[in-house]
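Student: Okay, handing you the structure first.
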Amino acid sequence: MTKNFANRISIIEAEALELLDKAHSETELEEWRIAVLGRRGQITTVLRGISDLDPDSRRTAGAAANQLKIRLQAAFEDSKGRINSDETVASTGTSDRIDVTLPGRKVSSGSLHPTTQIIREISNAFNTMGFQVLDGPEVELDAYNFQKLNIPAHHPARDMWNSLWIDRASESGEYPLLLRTHTSPMQIRVMEKNDPPIRVIVPGKAYRYEATDATHEWQFCQIEGLAIDRDITFADLKGTLEEFARIIFGAKRKARFRCDFFPFVEPGAEMSIDCFKCDGQGCRVCGNSGWIEIMGAGMVHPKVLEGVGYDPQLYSGFAFGMGAERIAMLRHGIDDIRHFYTNDIRFLEQFK
Ligand code: FA5
């Protein structure tokens, strides 16, 4: 390649790049492309001039001219990208760069499970009445789940709670273990460790070997309550639970107590509230009775008090146990308990 040709290439390149820098619109860029890379542009003129060179120089000159063409084409593409994005910014006000003045994207957050929410609400309601919140083991001994609650082995009342034993031998073994069928064993554990006065709430899981349907799950949450002191009467039980119902369901709801049987209380009762759906008129939700049962309750049985070393002549008390999901169902008008355990985000999002 001759020195002249090499100089020419350098000058063309420098001038072309300088001109390209000055192109600020698509039109100017197109004019540059035609003038430099077009069929009658500078590169074509240079390539044509190669045939005038002496045969020895032609090959290196051709290669140099082709390299120049490649470099200028690349510079052209770069400028095209720059101008396109500048024009987008101008017309839409957007670019790849971060616009710190834009409002942030909404962060989607999780929330507490409706069962946790209702447990906290109920615990707070009893807190205001002086009850302390505790928890206890879900794997329980037969002694606590049944025997110390006045339900000896082979007692027919065991049929009320279909148990999930930890292993096959455990039902008849020396230390029979089961998944607790209710939170009532915590009544015994609390009384064994503490002297009266006692006022506790124990929320937690319970398990039963039973088929699931709209109102029954094989695992669910219960909330146990226990109050022991001198001179506690059934009137205290009614007053406390009516206040709970007022806080959770509102002043409009009426409460009703009727006799029921649980071996660890005497007398035993079930508490119902008038149906939120029909205001006690009778409908499908309340089975046309106008009332919905919400918990079992009663005065702690003297045999249970004796079993933990309390003198039933000195101390008396009441206990109660309710299903947390059932209370949440009543509060929110949920028609199927199975929603609580299927982790359907559409269900859960309603309780944010
Ligand atoms: C008991 O479990 C007693 N331990 C309650 C008690 C405590 C009575 C203290 C007296 C003194 P019951 O089996 O009825 O009782 O259950 C209490 C509540 O748990 C029911 O009212 C219901 O709301 C809930 N429950 C019971 N079984 C299920 C189930 N399979 N699925 C969902 N909730 C249930």
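By order in the structure tokens, chains are A, B, ...; within a chain, residues start at 1; ligands start at 1, following the order shown.
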Write down as a PyMOL selection string the residues belonging to range 112-226 of chain A that are assigned strand (DSSP E or B) by DSSP computed on the backbone.
Tutor: chain A and resi 132-133+139-141+164-165+177-179+198-207+213+216+219-226
Student: Using DSSP assignments from the backbone, pull out every residue in range 136-316 of chain A that falls under helix (DSSP H, G or I) and give it to me as number ranges by chain.
Tutor: A: 142-145, 147-149, 156-160, 168-171, 185-193, 234-249, 302-307
Student: Fewer than 5 positions away in the same chain doesn't count, so skip those; otherwise give me all residues within 12 Å of range 4-6 of chain A, counting only C-alpha atoms, as a PDB file with all heavy atoms, in the first residue's frame.
Tutor:
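Written output follows (part-v5.pdb):
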```pdb
ATOM      1  N   ILE A  11      -7.335  10.201   6.758  1.00  0.00           N
ATOM      2  CA  ILE A  11      -8.063  11.482   6.686  1.00  0.00           C
ATOM      3  C   ILE A  11      -9.561  11.245   6.531  1.00  0.00           C
ATOM      4  O   ILE A  11     -10.387  11.839   7.228  1.00  0.00           O
ATOM      5  CB  ILE A  11      -7.508  12.350   5.519  1.00  0.00           C
ATOM      6  CG1 ILE A  11      -6.070  12.795   5.870  1.00  0.00           C
ATOM      7  CG2 ILE A  11      -8.392  13.561   5.264  1.00  0.00           C
ATOM      8  CD1 ILE A  11      -5.291  13.340   4.708  1.00  0.00           C
ATOM      9  N   ILE A  12      -9.903  10.300   5.622  1.00  0.00           N
ATOM     10  CA  ILE A  12     -11.339  10.006   5.408  1.00  0.00           C
ATOM     11  C   ILE A  12     -11.967   9.565   6.717  1.00  0.00           C
ATOM     12  O   ILE A  12     -13.049  10.016   7.096  1.00  0.00           O
ATOM     13  CB  ILE A  12     -11.509   8.915   4.324  1.00  0.00           C
ATOM     14  CG1 ILE A  12     -11.200   9.522   2.945  1.00  0.00           C
ATOM     15  CG2 ILE A  12     -12.927   8.344   4.341  1.00  0.00           C
ATOM     16  CD1 ILE A  12     -11.198   8.503   1.823  1.00  0.00           C
ATOM     17  N   GLU A  13     -11.258   8.690   7.434  1.00  0.00           N
ATOM     18  CA  GLU A  13     -11.816   8.164   8.692  1.00  0.00           C
ATOM     19  C   GLU A  13     -12.032   9.283   9.705  1.00  0.00           C
ATOM     20  O   GLU A  13     -13.099   9.409  10.307  1.00  0.00           O
ATOM     21  CB  GLU A  13     -10.889   7.099   9.288  1.00  0.00           C
ATOM     22  CG  GLU A  13     -11.476   6.496  10.549  1.00  0.00           C
ATOM     23  CD  GLU A  13     -10.748   5.226  10.970  1.00  0.00           C
ATOM     24  OE1 GLU A  13      -9.637   4.968  10.486  1.00  0.00           O
ATOM     25  OE2 GLU A  13     -11.312   4.490  11.803  1.00  0.00           O
ATOM     26  N   VAL A  46     -13.067   5.236  -2.642  1.00  0.00           N
ATOM     27  CA  VAL A  46     -11.748   4.721  -2.239  1.00  0.00           C
ATOM     28  C   VAL A  46     -11.508   3.342  -2.837  1.00  0.00           C
ATOM     29  O   VAL A  46     -10.442   3.061  -3.401  1.00  0.00           O
ATOM     30  CB  VAL A  46     -11.646   4.657  -0.687  1.00  0.00           C
ATOM     31  CG1 VAL A  46     -10.382   3.902  -0.266  1.00  0.00           C
ATOM     32  CG2 VAL A  46     -11.648   6.054  -0.098  1.00  0.00           C
ATOM     33  N   LEU A  47     -12.546   2.466  -2.743  1.00  0.00           N
ATOM     34  CA  LEU A  47     -12.383   1.098  -3.250  1.00  0.00           C
ATOM     35  C   LEU A  47     -12.111   1.097  -4.750  1.00  0.00           C
ATOM     36  O   LEU A  47     -11.275   0.342  -5.250  1.00  0.00           O
ATOM     37  CB  LEU A  47     -13.623   0.259  -2.927  1.00  0.00           C
ATOM     38  CG  LEU A  47     -13.785  -0.116  -1.430  1.00  0.00           C
ATOM     39  CD1 LEU A  47     -15.170  -0.725  -1.171  1.00  0.00           C
ATOM     40  CD2 LEU A  47     -12.703  -1.108  -1.001  1.00  0.00           C
ATOM     41  N   GLY A  49     -10.652   3.413  -6.410  1.00  0.00           N
ATOM     42  CA  GLY A  49      -9.296   3.949  -6.649  1.00  0.00           C
ATOM     43  C   GLY A  49      -8.210   2.900  -6.510  1.00  0.00           C
ATOM     44  O   GLY A  49      -7.088   3.100  -6.990  1.00  0.00           O
ATOM     45  N   ILE A  50      -8.551   1.746  -5.877  1.00  0.00           N
ATOM     46  CA  ILE A  50      -7.524   0.717  -5.654  1.00  0.00           C
ATOM     47  C   ILE A  50      -6.995   0.160  -6.972  1.00  0.00           C
ATOM     48  O   ILE A  50      -5.812  -0.161  -7.118  1.00  0.00           O
ATOM     49  CB  ILE A  50      -8.085  -0.411  -4.764  1.00  0.00           C
ATOM     50  CG1 ILE A  50      -8.289   0.162  -3.354  1.00  0.00           C
ATOM     51  CG2 ILE A  50      -7.163  -1.630  -4.698  1.00  0.00           C
ATOM     52  CD1 ILE A  50      -9.012  -0.762  -2.423  1.00  0.00           C
ATOM     53  N   SER A  51      -7.888   0.110  -7.985  1.00  0.00           N
ATOM     54  CA  SER A  51      -7.444  -0.462  -9.259  1.00  0.00           C
ATOM     55  C   SER A  51      -6.362   0.395  -9.918  1.00  0.00           C
ATOM     56  O   SER A  51      -5.617  -0.075 -10.781  1.00  0.00           O
ATOM     57  CB  SER A  51      -8.645  -0.630 -10.204  1.00  0.00           C
ATOM     58  OG  SER A  51      -9.296   0.619 -10.319  1.00  0.00           O
ATOM     59  N   ASP A  52      -6.237   1.694  -9.527  1.00  0.00           N
ATOM     60  CA  ASP A  52      -5.206   2.562 -10.098  1.00  0.00           C
ATOM     61  C   ASP A  52      -3.836   2.319  -9.470  1.00  0.00           C
ATOM     62  O   ASP A  52      -2.819   2.806  -9.974  1.00  0.00           O
ATOM     63  CB  ASP A  52      -5.564   4.044  -9.878  1.00  0.00           C
ATOM     64  CG  ASP A  52      -6.884   4.401 -10.545  1.00  0.00           C
ATOM     65  OD1 ASP A  52      -7.248   3.696 -11.521  1.00  0.00           O
ATOM     66  OD2 ASP A  52      -7.563   5.346 -10.066  1.00  0.00           O
ATOM     67  N   LEU A  53      -3.817   1.586  -8.345  1.00  0.00           N
ATOM     68  CA  LEU A  53      -2.527   1.364  -7.672  1.00  0.00           C
ATOM     69  C   LEU A  53      -1.712   0.277  -8.378  1.00  0.00           C
ATOM     70  O   LEU A  53      -2.271  -0.523  -9.138  1.00  0.00           O
ATOM     71  CB  LEU A  53      -2.771   0.927  -6.218  1.00  0.00           C
ATOM     72  CG  LEU A  53      -3.521   1.927  -5.322  1.00  0.00           C
ATOM     73  CD1 LEU A  53      -3.808   1.289  -3.956  1.00  0.00           C
ATOM     74  CD2 LEU A  53      -2.693   3.215  -5.152  1.00  0.00           C
ATOM     75  N   ASP A  54      -0.425   0.234  -8.053  1.00  0.00           N
ATOM     76  CA  ASP A  54       0.376  -0.827  -8.667  1.00  0.00           C
ATOM     77  C   ASP A  54      -0.020  -2.176  -8.064  1.00  0.00           C
ATOM     78  O   ASP A  54      -0.477  -2.230  -6.900  1.00  0.00           O
ATOM     79  CB  ASP A  54       1.868  -0.556  -8.475  1.00  0.00           C
ATOM     80  CG  ASP A  54       2.234  -0.523  -7.036  1.00  0.00           C
ATOM     81  OD1 ASP A  54       2.553  -1.602  -6.478  1.00  0.00           O
ATOM     82  OD2 ASP A  54       2.114   0.595  -6.436  1.00  0.00           O
ATOM     83  N   SER A  57       0.610  -3.240  -4.391  1.00  0.00           N
ATOM     84  CA  SER A  57      -0.036  -2.528  -3.282  1.00  0.00           C
ATOM     85  C   SER A  57      -1.531  -2.843  -3.162  1.00  0.00           C
ATOM     86  O   SER A  57      -2.158  -2.540  -2.139  1.00  0.00           O
ATOM     87  CB  SER A  57       0.104  -1.020  -3.462  1.00  0.00           C
ATOM     88  OG  SER A  57       1.435  -0.687  -3.697  1.00  0.00           O
ATOM     89  N   ARG A  58      -2.130  -3.396  -4.257  1.00  0.00           N
ATOM     90  CA  ARG A  58      -3.590  -3.512  -4.300  1.00  0.00           C
ATOM     91  C   ARG A  58      -4.182  -4.314  -3.121  1.00  0.00           C
ATOM     92  O   ARG A  58      -5.192  -3.929  -2.535  1.00  0.00           O
ATOM     93  CB  ARG A  58      -4.042  -4.151  -5.615  1.00  0.00           C
ATOM     94  CG  ARG A  58      -4.113  -3.133  -6.712  1.00  0.00           C
ATOM     95  CD  ARG A  58      -4.629  -3.764  -7.997  1.00  0.00           C
ATOM     96  NE  ARG A  58      -4.094  -3.045  -9.140  1.00  0.00           N
ATOM     97  CZ  ARG A  58      -3.993  -3.544 -10.355  1.00  0.00           C
ATOM     98  NH1 ARG A  58      -4.353  -4.800 -10.583  1.00  0.00           N
ATOM     99  NH2 ARG A  58      -3.518  -2.802 -11.331  1.00  0.00           N
ATOM    100  N   THR A  60      -3.016  -5.112   0.021  1.00  0.00           N
ATOM    101  CA  THR A  60      -2.996  -4.479   1.351  1.00  0.00           C
ATOM    102  C   THR A  60      -3.907  -3.261   1.374  1.00  0.00           C
ATOM    103  O   THR A  60      -4.593  -2.994   2.372  1.00  0.00           O
ATOM    104  CB  THR A  60      -1.570  -4.056   1.753  1.00  0.00           C
ATOM    105  OG1 THR A  60      -0.963  -3.443   0.632  1.00  0.00           O
ATOM    106  CG2 THR A  60      -0.766  -5.244   2.230  1.00  0.00           C
ATOM    107  N   ALA A  61      -3.945  -2.518   0.233  1.00  0.00           N
ATOM    108  CA  ALA A  61      -4.823  -1.344   0.194  1.00  0.00           C
ATOM    109  C   ALA A  61      -6.283  -1.772   0.292  1.00  0.00           C
ATOM    110  O   ALA A  61      -7.094  -1.154   0.991  1.00  0.00           O
ATOM    111  CB  ALA A  61      -4.590  -0.565  -1.104  1.00  0.00           C
ATOM    112  N   GLY A  62      -6.629  -2.851  -0.434  1.00  0.00           N
ATOM    113  CA  GLY A  62      -8.025  -3.368  -0.396  1.00  0.00           C
ATOM    114  C   GLY A  62      -8.405  -3.756   1.023  1.00  0.00           C
ATOM    115  O   GLY A  62      -9.490  -3.408   1.501  1.00  0.00           O
ATOM    116  N   ALA A  63      -7.461  -4.470   1.696  1.00  0.00           N
ATOM    117  CA  ALA A  63      -7.758  -4.906   3.075  1.00  0.00           C
ATOM    118  C   ALA A  63      -7.956  -3.697   3.969  1.00  0.00           C
ATOM    119  O   ALA A  63      -8.886  -3.643   4.784  1.00  0.00           O
ATOM    120  CB  ALA A  63      -6.623  -5.777   3.598  1.00  0.00           C
ATOM    121  N   ALA A  64      -7.068  -2.650   3.806  1.00  0.00           N
ATOM    122  CA  ALA A  64      -7.173  -1.457   4.654  1.00  0.00           C
ATOM    123  C   ALA A  64      -8.491  -0.733   4.406  1.00  0.00           C
ATOM    124  O   ALA A  64      -9.143  -0.258   5.351  1.00  0.00           O
ATOM    125  CB  ALA A  64      -5.998  -0.536   4.373  1.00  0.00           C
ATOM    126  N   ALA A  65      -8.909  -0.664   3.099  1.00  0.00           N
ATOM    127  CA  ALA A  65     -10.173   0.021   2.779  1.00  0.00           C
ATOM    128  C   ALA A  65     -11.349  -0.736   3.365  1.00  0.00           C
ATOM    129  O   ALA A  65     -12.298  -0.130   3.897  1.00  0.00           O
ATOM    130  CB  ALA A  65     -10.309   0.151   1.254  1.00  0.00           C
ATOM    131  N   LEU A  68     -11.559  -0.105   7.043  1.00  0.00           N
ATOM    132  CA  LEU A  68     -12.128   1.228   7.259  1.00  0.00           C
ATOM    133  C   LEU A  68     -13.650   1.173   7.167  1.00  0.00           C
ATOM    134  O   LEU A  68     -14.364   1.731   7.995  1.00  0.00           O
ATOM    135  CB  LEU A  68     -11.570   2.206   6.210  1.00  0.00           C
ATOM    136  CG  LEU A  68     -12.217   3.587   6.203  1.00  0.00           C
ATOM    137  CD1 LEU A  68     -11.898   4.341   7.494  1.00  0.00           C
ATOM    138  CD2 LEU A  68     -11.746   4.422   4.992  1.00  0.00           C
TER     139      LEU A  68
END
```
Student: Please check which protein, DNA or RNA residues sit within 6 Å of ligand 1, counting only C-alpha atoms and all ligand atoms, and write them as a count of residues only.
Tutor: 20
Student: Can you pull out every residue within 12 Å of range 116-119 of chain A, counting only C-alpha atoms, but drop anything in the same chain fewer than 6 positions away, and send it as a PyMOL selection string?
Tutor: chain A and resi 125-127+133+201-205+220-224+248-249+322-332+340+348+351-352
Student: So how many Å separate CA of Glu266 in chain A and CA of Phe318 in chain A, to one decimal?
Tutor: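 CA of Phe318 in chain A lies 9.3 Å from CA of Glu266 in chain A.
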Student: Would you please work out which residue, of A:Ala157, A:Ala75, A:Ile122, A:Ser316, is nearest to Ala14 in chain A when using only C-alpha atoms?
Tutor: A:Ala75
Student: Would you work out the distance separating CA of Leu141 in chain A from CA of Pro176 in chain A, expressed in Å to one decimal?
Tutor: 5.8 Å
Student: Got a sec: who's within 10 Å of Ile292 in chain A, counting only C-alpha atoms, leaving out chain neighbours fewer than 6 positions off, as a PDB file with N, CA and C atoms, in the first residue's frame?
Tutor:
```pdb
ATOM      1  N   ALA A 255     -75.644 -14.040  73.951  1.00  0.00           N
ATOM      2  CA  ALA A 255     -75.002 -15.318  74.294  1.00  0.00           C
ATOM      3  C   ALA A 255     -76.002 -16.212  75.020  1.00  0.00           C
ATOM      4  N   ARG A 256     -75.818 -17.535  74.834  1.00  0.00           N
ATOM      5  CA  ARG A 256     -76.707 -18.488  75.515  1.00  0.00           C
ATOM      6  C   ARG A 256     -75.869 -19.626  76.086  1.00  0.00           C
ATOM      7  N   MET A 271     -71.520 -22.846  75.093  1.00  0.00           N
ATOM      8  CA  MET A 271     -71.913 -21.454  74.888  1.00  0.00           C
ATOM      9  C   MET A 271     -72.220 -21.241  73.413  1.00  0.00           C
ATOM     10  N   SER A 272     -73.313 -20.574  73.137  1.00  0.00           N
ATOM     11  CA  SER A 272     -73.670 -20.252  71.751  1.00  0.00           C
ATOM     12  C   SER A 272     -73.906 -18.751  71.645  1.00  0.00           C
ATOM     13  N   ILE A 273     -73.776 -18.225  70.426  1.00  0.00           N
ATOM     14  CA  ILE A 273     -74.190 -16.832  70.196  1.00  0.00           C
ATOM     15  C   ILE A 273     -75.306 -16.852  69.162  1.00  0.00           C
ATOM     16  N   ASP A 274     -76.166 -15.823  69.172  1.00  0.00           N
ATOM     17  CA  ASP A 274     -77.249 -15.814  68.183  1.00  0.00           C
ATOM     18  C   ASP A 274     -76.650 -15.612  66.798  1.00  0.00           C
ATOM     19  N   CYS A 275     -77.284 -16.242  65.815  1.00  0.00           N
ATOM     20  CA  CYS A 275     -76.692 -16.341  64.469  1.00  0.00           C
ATOM     21  C   CYS A 275     -76.460 -14.955  63.850  1.00  0.00           C
ATOM     22  N   PHE A 276     -75.198 -14.723  63.400  1.00  0.00           N
ATOM     23  CA  PHE A 276     -74.833 -13.431  62.806  1.00  0.00           C
ATOM     24  C   PHE A 276     -75.507 -13.222  61.464  1.00  0.00           C
ATOM     25  N   GLY A 280     -80.711 -14.586  64.620  1.00  0.00           N
ATOM     26  CA  GLY A 280     -81.485 -15.467  65.507  1.00  0.00           C
ATOM     27  C   GLY A 280     -82.817 -15.922  64.931  1.00  0.00           C
ATOM     28  N   VAL A 285     -77.135 -21.358  57.872  1.00  0.00           N
ATOM     29  CA  VAL A 285     -75.874 -21.305  58.626  1.00  0.00           C
ATOM     30  C   VAL A 285     -76.031 -21.856  60.040  1.00  0.00           C
ATOM     31  N   CYS A 286     -77.160 -21.527  60.692  1.00  0.00           N
ATOM     32  CA  CYS A 286     -77.344 -21.973  62.093  1.00  0.00           C
ATOM     33  C   CYS A 286     -78.231 -23.206  62.173  1.00  0.00           C
ATOM     34  N   LEU A 330     -67.069 -17.413  61.975  1.00  0.00           N
ATOM     35  CA  LEU A 330     -68.230 -16.619  62.368  1.00  0.00           C
ATOM     36  C   LEU A 330     -67.968 -15.127  62.167  1.00  0.00           C
TER      37      LEU A 330
END
```
Student: If you count only C-alpha atoms, which residues fall within 10 Å of Asp279 in chain A, apart from same-chain ones fewer than 5 positions away, as an NGL selection string?
Tutor: :A and (252-254 or 273-274 or 290-291)
Student: What would the file look like if the residues just selected were written as a PDB file, in the first residue's frame with N, CA and C atoms?
Tutor:
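And here's result.pdb as it stands now:
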```pdb
ATOM      1  N   LYS A 252     -74.123  -6.264  69.901  1.00  0.00           N
ATOM      2  CA  LYS A 252     -75.434  -6.697  69.396  1.00  0.00           C
ATOM      3  C   LYS A 252     -75.698  -8.192  69.612  1.00  0.00           C
ATOM      4  N   ARG A 253     -74.611  -9.008  69.617  1.00  0.00           N
ATOM      5  CA  ARG A 253     -74.782 -10.471  69.710  1.00  0.00           C
ATOM      6  C   ARG A 253     -75.222 -10.886  71.109  1.00  0.00           C
ATOM      7  N   LYS A 254     -76.156 -11.864  71.145  1.00  0.00           N
ATOM      8  CA  LYS A 254     -76.604 -12.394  72.435  1.00  0.00           C
ATOM      9  C   LYS A 254     -75.900 -13.728  72.689  1.00  0.00           C
ATOM     10  N   ILE A 273     -73.776 -18.225  70.426  1.00  0.00           N
ATOM     11  CA  ILE A 273     -74.190 -16.832  70.196  1.00  0.00           C
ATOM     12  C   ILE A 273     -75.306 -16.852  69.162  1.00  0.00           C
ATOM     13  N   ASP A 274     -76.166 -15.823  69.172  1.00  0.00           N
ATOM     14  CA  ASP A 274     -77.249 -15.814  68.183  1.00  0.00           C
ATOM     15  C   ASP A 274     -76.650 -15.612  66.798  1.00  0.00           C
ATOM     16  N   GLY A 290     -81.207 -20.622  65.022  1.00  0.00           N
ATOM     17  CA  GLY A 290     -81.010 -19.239  65.458  1.00  0.00           C
ATOM     18  C   GLY A 290     -79.758 -19.066  66.316  1.00  0.00           C
ATOM     19  N   TRP A 291     -79.104 -20.184  66.705  1.00  0.00           N
ATOM     20  CA  TRP A 291     -77.931 -20.127  67.582  1.00  0.00           C
ATOM     21  C   TRP A 291     -76.752 -20.877  66.973  1.00  0.00           C
TER      22      TRP A 291
END
```
Student: For Ala23 in chain A, list every protein, DNA or RNA residue within 9 Å, evaluated using only C-alpha atoms, and leave out those in the same chain fewer than 5 positions away; present the list as an NGL selection string.
Tutor: :A and (28-29 or 31-32 or 79 or 83)
Student: Nearest residue to His301 in chain A out of A:Asn124, A:Gln313, A:Ser111, A:Asn145, using only C-alpha atoms?
Tutor: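 Closest to His301 in chain A, using only C-alpha atoms: A:Gln313.
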